[in-house]
Each structure stands twice: as C-alpha cells, then as structure tokens.
Amino acid sequence: MCTLKVVDLAATDTVLVAPGITVAEAAALVKEKQVGAIALKTAQGWFFATAEALNAGTENLEDILRGPMETRTQDFLQEPLPNVMEHLVRNSVIVPLETGVVLFTPDLMIKKLVAAYRLLQVRFQTVLDTVGEAVCVIDNKDSVVQWNRRSEQLYGIEASEIVEKPLEHYFPDSFLSRVMKERQAVKEQYYRPRPRTHVLFTANAIRLDGEVVGALCAERDITEIVQLNQELSKASMEVRSLKDEIDKITFREDAFSTVCGHSTVMVNAVSTARKVAAANIPVLLQGESGTGKEIFARAIHKASRRAGPFIEINCGAIPVNLFESELFGYQAGAFTGADRKGKQGLMELANHGTLFLDELGDLAKELQVKLLKAIEEKSFYRVGGDRPVKVDVRIIAATHRNLEQMITQREFREDLYYRLNVVNIVLVPLRERREDIPELVHRAIKHFGILHNKEITRIEPDAMAILLDYHWPGNVRELYNVLERIVVFAETHTIDLSHLPGHLQTISKPSRIKINETAKADLNSVTDAIEKDMIEAVLKDVGNQKAAAAKKLGIPRSTLYYKINQLGIEC
C-alpha cells in the first residue's frame, strides 16, 4: 500500500501576486484565474489571503493577509504525510516553486482531506455495488459499516437498517464475527446464515498497522443451486426412463458416460482422453487412490474401438516372483507346478486390445526393464520359452505415486517412464473439485437404489452440505461406499443428517475449523495431517482392528493400509 505524501494534499490553486496590489485587484485576479488564494512576499516574509477573505468587503489588504508563513523547500513535497501531519494542522506552510507557489494551511488541507475521503467513499461504494457477491464489512466492535446492494437482495435487509448496528443482532454466531476474533481467513466455506439460505463464504480480517480493526466477507449465493439439486432428485426417475429410451435409440453409446463430473478439471481430462482414445499410444493416468483411474482407462479403451479385450493387472498386488509369469505367461514345464499345457500371459490375452497396468509405481525394478523391452519390440518371451510372441497391445498405466520423484531416487526407470508417459492425464482429488459432488451423489443414489431395490428421491440440504464440506480422503470410492451404505439402511425416500455415518458428521465440522486454523500451511500437508489424526483416532477407538476401522471410516481396507503406510501411522 502506498503512503500519502505532502504533495498529495498540496493546494495548487494559489496565484502569486506582487506587493502593492489592492484588494479589488486581488479579488478580480482570483476570480479570473479561478483560484482559492493569493500569495505574496514582503520584507517580513511570505503572506497569503483566501478568496473568501478578499470578497469579504475589506479594502485594506494588510487587514486580511495571514502570515508570515513557514517556508520550506521543494523536497518537503515528497515527505510522507503521516510524518508531518501534526505540524501542518497547526501551521501554515508555503513552498516556492519556479512556476509559482504551493500553499498549505489547516483549512485548505482539511478541505483536501474531506474531498479525498468523499472520492474514496464513492469509488469503494461503486465497487461494492458492482460485484456479484454480497459484501459486508464490520468494525472491531462488530458493528456493520458497509452493506452493499447484493447483500440487501440476498437477505432482504436495507443498508439503512443494518449499518451501524451490531451484526449479531441479525446473524447470531456469524462466521464474520468469528473470523475477526480468531484472525483466520476463510475461503469459499459453505455456510447457512439463515434458514433456506445457502452461501459460499469468503472472509478475512482487516488489519491496520498490525492491529485487527474489523473484518470483510464476500458471500456467493448458491441457494438456487441447492434447490436445483432437490428438483433434480425429484426428476431423477423420469430422467432415468428417458435415458433408457435414448440408449435404445442411440447405436453408439458415449464411452465416457461412466465418467461423472462437469468441473473444469474433469471436462479437460475427458477432452484429452477423447482426443487420444483412437490413437494407439500409451497413456499415463496419475491421481490419488479412488479418483477413478480405472474408469478412465476403461472409457479410453471403449472409445478406441479396439477389437481385443481390456485386461487389467495390478502391479502391486502380485508377488514379484509370480508377476513375470502372470504378465508374459509360461511355457509347458517351465517350472515346478506349472500347467503342463503352459499358460498365456495377460499381455498375450490383451492382443489387439488394451493392457491396463494399475499401480505402476509398485512394479519391481527388475521387471521394469522386461516390460520396457516388450513394449518397444511389441514382442516377448514366455517364461521358459524360446520363441517370441508378437502382440499388438495398447498400454494404459495408472499410479498414485510421484514417478518423477521415484526416478530421482532411482526407484523407477526413466526410460520406461518416458515410454509410458506419452500422454499424461492427472485426475485431481475430490476435495479439489467439490462442485462435482452433487452430480456424483445423485448418480450414485440412483445406481444403488436400483441395485438394492430402494427409491430415494430427495436429499436434505443439511446432508448435502456435510457431503460438500467433507474432505474425502478416499475420494470418489469413499463417497460411493458411504452412499451405498446410506441407501441400504435408508427407510424413507429422503436422506437427511441422521442417515449419514457418525464419523462423517463428527469429523467434517472439526476438519473445517482445523483447515481454517492452518490456512497458511500447504494444502497437501493440511490434508495429510487431518487424515492422520482421523485414522489414528478411529484406530484407537476400535482397538487397532483394521477391518473395523476401515468400515467406520467408510473406505476399503486396502486404502486404509495404504494410508497407514503413507502417513507413517504407528499401530
């Protein structure tokens, strides 16, 4: 922020006159030049007279001249205003220039300050009334000092009614008051300030010289979106029926119809996948566990129209000593216990189709070179075999690990990485695309409703708010697990807070506070800390029983084991 200087309040509307001028002549000159004062220099020093004094009817100029004034050099104009404000309020100062003079008097300076303040007020109010958010500003006593037109429309409260009144009289336990007291910023937090009102709330404390003097918030109204979600629930049965009819008419189903979400990141990911689907080039999918990498891989295969099958192999689930025979197959009698007829490997089974290498980062390093050679030569040898097997396979790989870091640590081959990373698609975690949650929720409820013969037509806004606010460490997979449990146990057509798992209700709100308290931290580290605290608490509660903990957390046991290892949890 720029500091005001003396020159910013300079009274430049002053005309320099010669000694001996009459009052009438000076008044005429002021009127002609349209200035506010005259200045002249005598043997006693510099003197001035304002236009008002010249027009007061006095004929003797000496009677209305004020001075002598303190004289300063031109450097004085660049002084920071706060440094000399007290001096200027008590004294009149003149700065002679080559083209005239600059005059400072207490009266003229106050007029300048008032004019500058009014201009600032007008600009600020215009900004407030132009933006689309509802803006409220409070002082350090919790009184409202600014309330823009969008706030009036959102809450039906006129500015004249609420300004200078305590905010708590209208909004008890207001988020804005808490932001000022706790001195923590909040960004796009879901909030219900009043019944049937839903907003995304962004706020920050206002500081002056290090002291908190108030707080400001901007609220984006999402009430209509929530209401539309409710209408969507009511119309879901009809939509399903129409979709079935369309599917019958449509010969070519969209391969990416299984991918849910219309956030910018998901639209971009699907767009990239569509473009590369028909090209016989490797694709690397990266993202946390549960973000839908397998769904993307199957969609790319389906859109590619390859004649062969989609074959999946989990690089971390098969022991190293068996992985080669699983991938490449083995010749008859290759080893003790082998099938006498031999066996085709998964790569051979995927001929003319797609081989999906899930959890690529877990592939043992000694097998990476064999995989690279098979991909480059489009052929391989079965275990115990002496003849190459030619294949036409499209490779899609997926991992939740940082392969670039693994390359640096010599845990992953750089040449294999670049061979597979021809096209890279990153699937972001659910907490970074919360706008997709309503669509995911409604699609999952409909799917599980049909699967378990339940008809769910509505989800209460409070329940949806919890789902929107929760950080979902298990991503879409965890969300679907929670929703299937809800559908199975639901006894009504409406889902409310009572249907949500207990851990979700108790963890989601504290997690929001914890995020606010650590707002200056890196997002990934904050998420990891929250996940670690949550898992440790649940493990302690169930006596370190992994199966019970996974069930209580609403995530697969495999995800729990991965999180325990990743976050360094001792149990």
# chains A, B, ... in the order shown; residues from 1 in each chain; ligands from 1
call {"tool": "select_by_dssp", "arguments": {"residues": "range 277-410 of chain A", "states": "alpha helix (DSSP H)", "output": "NGL selection string"}}
result
:A and (277 or 293-304 or 320-328 or 346-349 or 365-377 or 403-408)
call {"tool": "closest_atom_pairs", "arguments": {"of": "range 467-492 of chain A", "to": "range 421-434 of chain A", "cutoff": "9 Å", "atoms": "only C-alpha atoms", "output": "CSV"}}
result
residue,atom,partner,partner_atom,distance
A:Leu468,CA,A:Arg434,CA,6.3
A:Asp469,CA,A:Arg434,CA,8.2
A:Tyr470,CA,A:Arg431,CA,7.9
A:His471,CA,A:Arg431,CA,5.2
A:Trp472,CA,A:Arg431,CA,6.4
A:Pro473,CA,A:Arg431,CA,8.1
A:Gly474,CA,A:Leu430,CA,8.6
A:Asn475,CA,A:Leu430,CA,5.1
A:Val476,CA,A:Leu430,CA,6.5
call {"tool": "closest_residue", "arguments": {"among": "A:Val391, A:Leu451, A:Ile456, A:Ile64", "to": "Ala235 in chain A", "atoms": "only C-alpha atoms"}}
result
A:Ile456
call {"tool": "closest_atom_pairs", "arguments": {"of": "range 237-329 of chain A", "to": "range 407-420 of chain A", "cutoff": "12 Å", "atoms": "only C-alpha atoms", "output": "CSV"}}
result
residue,atom,partner,partner_atom,distance
A:Asn280,CA,A:Leu420,CA,11.9
A:Ile281,CA,A:Leu420,CA,8.5
A:Pro282,CA,A:Leu420,CA,5.3
A:Val283,CA,A:Leu420,CA,6.4
A:Leu284,CA,A:Leu420,CA,6.2
A:Leu285,CA,A:Leu420,CA,9.9
A:Gln286,CA,A:Leu420,CA,11.9
call {"tool": "atom_distance", "arguments": {"atom1": "CA of Arg196 in chain A", "atom2": "CA of Met180 in chain A"}}
result
25.5 Å
call {"tool": "atom_distance", "arguments": {"atom1": "CA of Gly308 in chain A", "atom2": "CA of Lys373 in chain A"}}
result
21.5 Å
call {"tool": "residues_around", "arguments": {"residues": "Lys31 in chain A", "least_positions_apart": "6", "cutoff": "12 Å", "atoms": "only C-alpha atoms", "output": "list of chain:residue names"}}
result
A:Asp13, A:Thr14, A:Val15, A:Ala24, A:Glu25, A:Ala37, A:Ile38, A:Thr50, A:Ala51, A:Glu52, A:Leu54, A:Asn55
call {"tool": "closest_residue", "arguments": {"among": "A:Glu86, A:Leu560, A:Ala215, A:Lys275", "to": "Ala203 in chain A", "atoms": "only C-alpha atoms"}}
result
A:Ala215
call {"tool": "residues_around", "arguments": {"residues": "Ala549 in chain A", "least_positions_apart": "2", "cutoff": "10 Å", "atoms": "only C-alpha atoms", "output": "PDB file with N, CA, C and O atoms, in the first residue's frame"}}
result
ATOM      1  N   ILE A 535      -7.556 -41.073  11.213  1.00  0.00           N
ATOM      2  CA  ILE A 535      -7.298 -42.517  11.195  1.00  0.00           C
ATOM      3  C   ILE A 535      -6.784 -42.984  12.557  1.00  0.00           C
ATOM      4  O   ILE A 535      -7.191 -44.025  13.077  1.00  0.00           O
ATOM      5  N   GLU A 536      -5.868 -42.193  13.177  1.00  0.00           N
ATOM      6  CA  GLU A 536      -5.347 -42.566  14.489  1.00  0.00           C
ATOM      7  C   GLU A 536      -6.463 -42.622  15.531  1.00  0.00           C
ATOM      8  O   GLU A 536      -6.503 -43.526  16.382  1.00  0.00           O
ATOM      9  N   ALA A 537      -7.382 -41.669  15.477  1.00  0.00           N
ATOM     10  CA  ALA A 537      -8.480 -41.628  16.437  1.00  0.00           C
ATOM     11  C   ALA A 537      -9.403 -42.838  16.272  1.00  0.00           C
ATOM     12  O   ALA A 537      -9.829 -43.463  17.254  1.00  0.00           O
ATOM     13  N   VAL A 538      -9.714 -43.176  15.011  1.00  0.00           N
ATOM     14  CA  VAL A 538     -10.604 -44.313  14.758  1.00  0.00           C
ATOM     15  C   VAL A 538      -9.921 -45.622  15.146  1.00  0.00           C
ATOM     16  O   VAL A 538     -10.545 -46.503  15.745  1.00  0.00           O
ATOM     17  N   LEU A 539      -8.625 -45.786  14.816  1.00  0.00           N
ATOM     18  CA  LEU A 539      -7.894 -46.990  15.182  1.00  0.00           C
ATOM     19  C   LEU A 539      -7.876 -47.182  16.703  1.00  0.00           C
ATOM     20  O   LEU A 539      -8.053 -48.290  17.210  1.00  0.00           O
ATOM     21  N   LYS A 540      -7.666 -46.093  17.424  1.00  0.00           N
ATOM     22  CA  LYS A 540      -7.664 -46.158  18.878  1.00  0.00           C
ATOM     23  C   LYS A 540      -9.036 -46.559  19.406  1.00  0.00           C
ATOM     24  O   LYS A 540      -9.163 -47.359  20.341  1.00  0.00           O
ATOM     25  N   ASP A 541     -10.072 -46.040  18.764  1.00  0.00           N
ATOM     26  CA  ASP A 541     -11.432 -46.301  19.213  1.00  0.00           C
ATOM     27  C   ASP A 541     -11.828 -47.761  19.026  1.00  0.00           C
ATOM     28  O   ASP A 541     -12.619 -48.307  19.800  1.00  0.00           O
ATOM     29  N   VAL A 542     -11.280 -48.427  17.969  1.00  0.00           N
ATOM     30  CA  VAL A 542     -11.649 -49.823  17.683  1.00  0.00           C
ATOM     31  C   VAL A 542     -10.556 -50.795  18.095  1.00  0.00           C
ATOM     32  O   VAL A 542     -10.561 -51.957  17.678  1.00  0.00           O
ATOM     33  N   GLY A 543      -9.595 -50.342  18.900  1.00  0.00           N
ATOM     34  CA  GLY A 543      -8.543 -51.230  19.390  1.00  0.00           C
ATOM     35  C   GLY A 543      -7.625 -51.729  18.294  1.00  0.00           C
ATOM     36  O   GLY A 543      -7.198 -52.898  18.311  1.00  0.00           O
ATOM     37  N   ASN A 544      -7.311 -50.856  17.317  1.00  0.00           N
ATOM     38  CA  ASN A 544      -6.391 -51.176  16.218  1.00  0.00           C
ATOM     39  C   ASN A 544      -6.877 -52.319  15.323  1.00  0.00           C
ATOM     40  O   ASN A 544      -6.082 -52.982  14.645  1.00  0.00           O
ATOM     41  N   GLN A 545      -8.180 -52.546  15.306  1.00  0.00           N
ATOM     42  CA  GLN A 545      -8.744 -53.549  14.402  1.00  0.00           C
ATOM     43  C   GLN A 545      -8.929 -52.901  13.025  1.00  0.00           C
ATOM     44  O   GLN A 545      -9.803 -52.056  12.838  1.00  0.00           O
ATOM     45  N   LYS A 546      -8.084 -53.333  12.059  1.00  0.00           N
ATOM     46  CA  LYS A 546      -8.062 -52.667  10.755  1.00  0.00           C
ATOM     47  C   LYS A 546      -9.403 -52.776  10.028  1.00  0.00           C
ATOM     48  O   LYS A 546      -9.866 -51.810   9.410  1.00  0.00           O
ATOM     49  N   ALA A 547      -9.993 -53.964  10.055  1.00  0.00           N
ATOM     50  CA  ALA A 547     -11.256 -54.149   9.341  1.00  0.00           C
ATOM     51  C   ALA A 547     -12.347 -53.246   9.920  1.00  0.00           C
ATOM     52  O   ALA A 547     -13.101 -52.603   9.180  1.00  0.00           O
ATOM     53  N   LYS A 551     -14.163 -49.990   8.060  1.00  0.00           N
ATOM     54  CA  LYS A 551     -15.616 -49.906   7.955  1.00  0.00           C
ATOM     55  C   LYS A 551     -16.143 -48.613   8.555  1.00  0.00           C
ATOM     56  O   LYS A 551     -17.017 -47.955   7.999  1.00  0.00           O
ATOM     57  N   LYS A 552     -15.585 -48.219   9.700  1.00  0.00           N
ATOM     58  CA  LYS A 552     -16.029 -46.991  10.357  1.00  0.00           C
ATOM     59  C   LYS A 552     -15.654 -45.757   9.550  1.00  0.00           C
ATOM     60  O   LYS A 552     -16.386 -44.767   9.530  1.00  0.00           O
ATOM     61  N   LEU A 553     -14.498 -45.799   8.886  1.00  0.00           N
ATOM     62  CA  LEU A 553     -14.058 -44.669   8.060  1.00  0.00           C
ATOM     63  C   LEU A 553     -14.768 -44.635   6.712  1.00  0.00           C
ATOM     64  O   LEU A 553     -14.714 -43.634   6.003  1.00  0.00           O
ATOM     65  N   GLY A 554     -15.405 -45.760   6.332  1.00  0.00           N
ATOM     66  CA  GLY A 554     -16.107 -45.809   5.055  1.00  0.00           C
ATOM     67  C   GLY A 554     -15.191 -45.949   3.863  1.00  0.00           C
ATOM     68  O   GLY A 554     -15.498 -45.443   2.773  1.00  0.00           O
ATOM     69  N   ILE A 555     -14.013 -46.595   4.053  1.00  0.00           N
ATOM     70  CA  ILE A 555     -13.066 -46.784   2.959  1.00  0.00           C
ATOM     71  C   ILE A 555     -12.669 -48.254   2.894  1.00  0.00           C
ATOM     72  O   ILE A 555     -12.788 -48.987   3.878  1.00  0.00           O
ATOM     73  N   PRO A 556     -12.170 -48.721   1.726  1.00  0.00           N
ATOM     74  CA  PRO A 556     -11.713 -50.102   1.625  1.00  0.00           C
ATOM     75  C   PRO A 556     -10.533 -50.355   2.561  1.00  0.00           C
ATOM     76  O   PRO A 556      -9.764 -49.445   2.885  1.00  0.00           O
ATOM     77  N   ARG A 557     -10.361 -51.616   2.968  1.00  0.00           N
ATOM     78  CA  ARG A 557      -9.257 -51.957   3.846  1.00  0.00           C
ATOM     79  C   ARG A 557      -7.912 -51.686   3.164  1.00  0.00           C
ATOM     80  O   ARG A 557      -6.957 -51.268   3.802  1.00  0.00           O
ATOM     81  N   LEU A 560      -7.025 -48.155   3.596  1.00  0.00           N
ATOM     82  CA  LEU A 560      -6.582 -47.894   4.969  1.00  0.00           C
ATOM     83  C   LEU A 560      -5.126 -48.306   5.154  1.00  0.00           C
ATOM     84  O   LEU A 560      -4.323 -47.563   5.728  1.00  0.00           O
TER      85      LEU A 560
END
call {"tool": "select_by_dssp", "arguments": {"residues": "range 344-381 of chain A", "states": "strand (DSSP E)", "output": "VMD selection string"}}
result
chain A and resid 344 354 to 358 379 to 381
call {"tool": "write_last_selection", "arguments": {"atoms": "N, CA, C and O atoms", "output": "PDB file, in the first residue's frame"}}
result
ATOM      1  N   GLN A 344      -1.095 -68.714 -21.229  1.00  0.00           N
ATOM      2  CA  GLN A 344      -0.960 -67.394 -21.839  1.00  0.00           C
ATOM      3  C   GLN A 344      -0.855 -66.326 -20.738  1.00  0.00           C
ATOM      4  O   GLN A 344      -1.532 -66.413 -19.716  1.00  0.00           O
ATOM      5  N   THR A 354      -6.387 -53.642 -24.964  1.00  0.00           N
ATOM      6  CA  THR A 354      -5.712 -52.706 -24.062  1.00  0.00           C
ATOM      7  C   THR A 354      -5.240 -53.437 -22.821  1.00  0.00           C
ATOM      8  O   THR A 354      -6.001 -54.205 -22.222  1.00  0.00           O
ATOM      9  N   LEU A 355      -4.000 -53.188 -22.417  1.00  0.00           N
ATOM     10  CA  LEU A 355      -3.464 -53.707 -21.164  1.00  0.00           C
ATOM     11  C   LEU A 355      -3.369 -52.545 -20.184  1.00  0.00           C
ATOM     12  O   LEU A 355      -2.655 -51.579 -20.421  1.00  0.00           O
ATOM     13  N   PHE A 356      -4.116 -52.670 -19.083  1.00  0.00           N
ATOM     14  CA  PHE A 356      -4.134 -51.611 -18.074  1.00  0.00           C
ATOM     15  C   PHE A 356      -3.211 -52.005 -16.923  1.00  0.00           C
ATOM     16  O   PHE A 356      -3.468 -52.970 -16.204  1.00  0.00           O
ATOM     17  N   LEU A 357      -2.127 -51.257 -16.758  1.00  0.00           N
ATOM     18  CA  LEU A 357      -1.150 -51.506 -15.692  1.00  0.00           C
ATOM     19  C   LEU A 357      -1.479 -50.593 -14.518  1.00  0.00           C
ATOM     20  O   LEU A 357      -1.058 -49.439 -14.454  1.00  0.00           O
ATOM     21  N   ASP A 358      -2.267 -51.114 -13.586  1.00  0.00           N
ATOM     22  CA  ASP A 358      -2.650 -50.324 -12.417  1.00  0.00           C
ATOM     23  C   ASP A 358      -1.524 -50.345 -11.380  1.00  0.00           C
ATOM     24  O   ASP A 358      -0.779 -51.320 -11.269  1.00  0.00           O
ATOM     25  N   SER A 379       6.888 -57.547 -28.642  1.00  0.00           N
ATOM     26  CA  SER A 379       7.001 -58.997 -28.528  1.00  0.00           C
ATOM     27  C   SER A 379       7.684 -59.328 -27.217  1.00  0.00           C
ATOM     28  O   SER A 379       8.308 -58.458 -26.591  1.00  0.00           O
ATOM     29  N   PHE A 380       7.554 -60.596 -26.808  1.00  0.00           N
ATOM     30  CA  PHE A 380       8.157 -61.013 -25.548  1.00  0.00           C
ATOM     31  C   PHE A 380       8.331 -62.535 -25.587  1.00  0.00           C
ATOM     32  O   PHE A 380       7.823 -63.221 -26.494  1.00  0.00           O
ATOM     33  N   TYR A 381       9.007 -63.048 -24.598  1.00  0.00           N
ATOM     34  CA  TYR A 381       9.176 -64.489 -24.461  1.00  0.00           C
ATOM     35  C   TYR A 381       8.431 -64.944 -23.210  1.00  0.00           C
ATOM     36  O   TYR A 381       8.519 -64.329 -22.148  1.00  0.00           O
TER      37      TYR A 381
END
call {"tool": "residues_around", "arguments": {"residues": "Phe104 in chain A", "least_positions_apart": "6", "cutoff": "7 Å", "atoms": "only C-alpha atoms", "output": "list in words"}}
result
Ala10, Ala11, Ser92, Val93 and Ile94 of chain A
call {"tool": "closest_residue", "arguments": {"among": "A:Gln34, A:Asn314, A:Gln146, A:Asn60", "to": "Glu164 in chain A", "atoms": "only C-alpha atoms"}}
result
A:Gln146
call {"tool": "closest_residue", "arguments": {"among": "A:His499, A:Arg207, A:Lys370, A:Lys33", "to": "Leu16 in chain A", "atoms": "only C-alpha atoms"}}
result
A:Lys33
call {"tool": "residues_around", "arguments": {"residues": "Ala350 in chain A", "least_positions_apart": "4", "cutoff": "12 Å", "atoms": "only C-alpha atoms", "output": "NGL selection string"}}
result
:A and (301 or 306-313 or 327-328 or 344-346 or 354-357 or 390-396)
call {"tool": "closest_residue", "arguments": {"among": "A:Val179, A:Ile138, A:Ala277, A:Leu61", "to": "Gly214 in chain A", "atoms": "only C-alpha atoms"}}
result
A:Ile138
call {"tool": "atom_distance", "arguments": {"atom1": "CA of Thr559 in chain A", "atom2": "CA of Glu478 in chain A"}}
result
9.4 Å
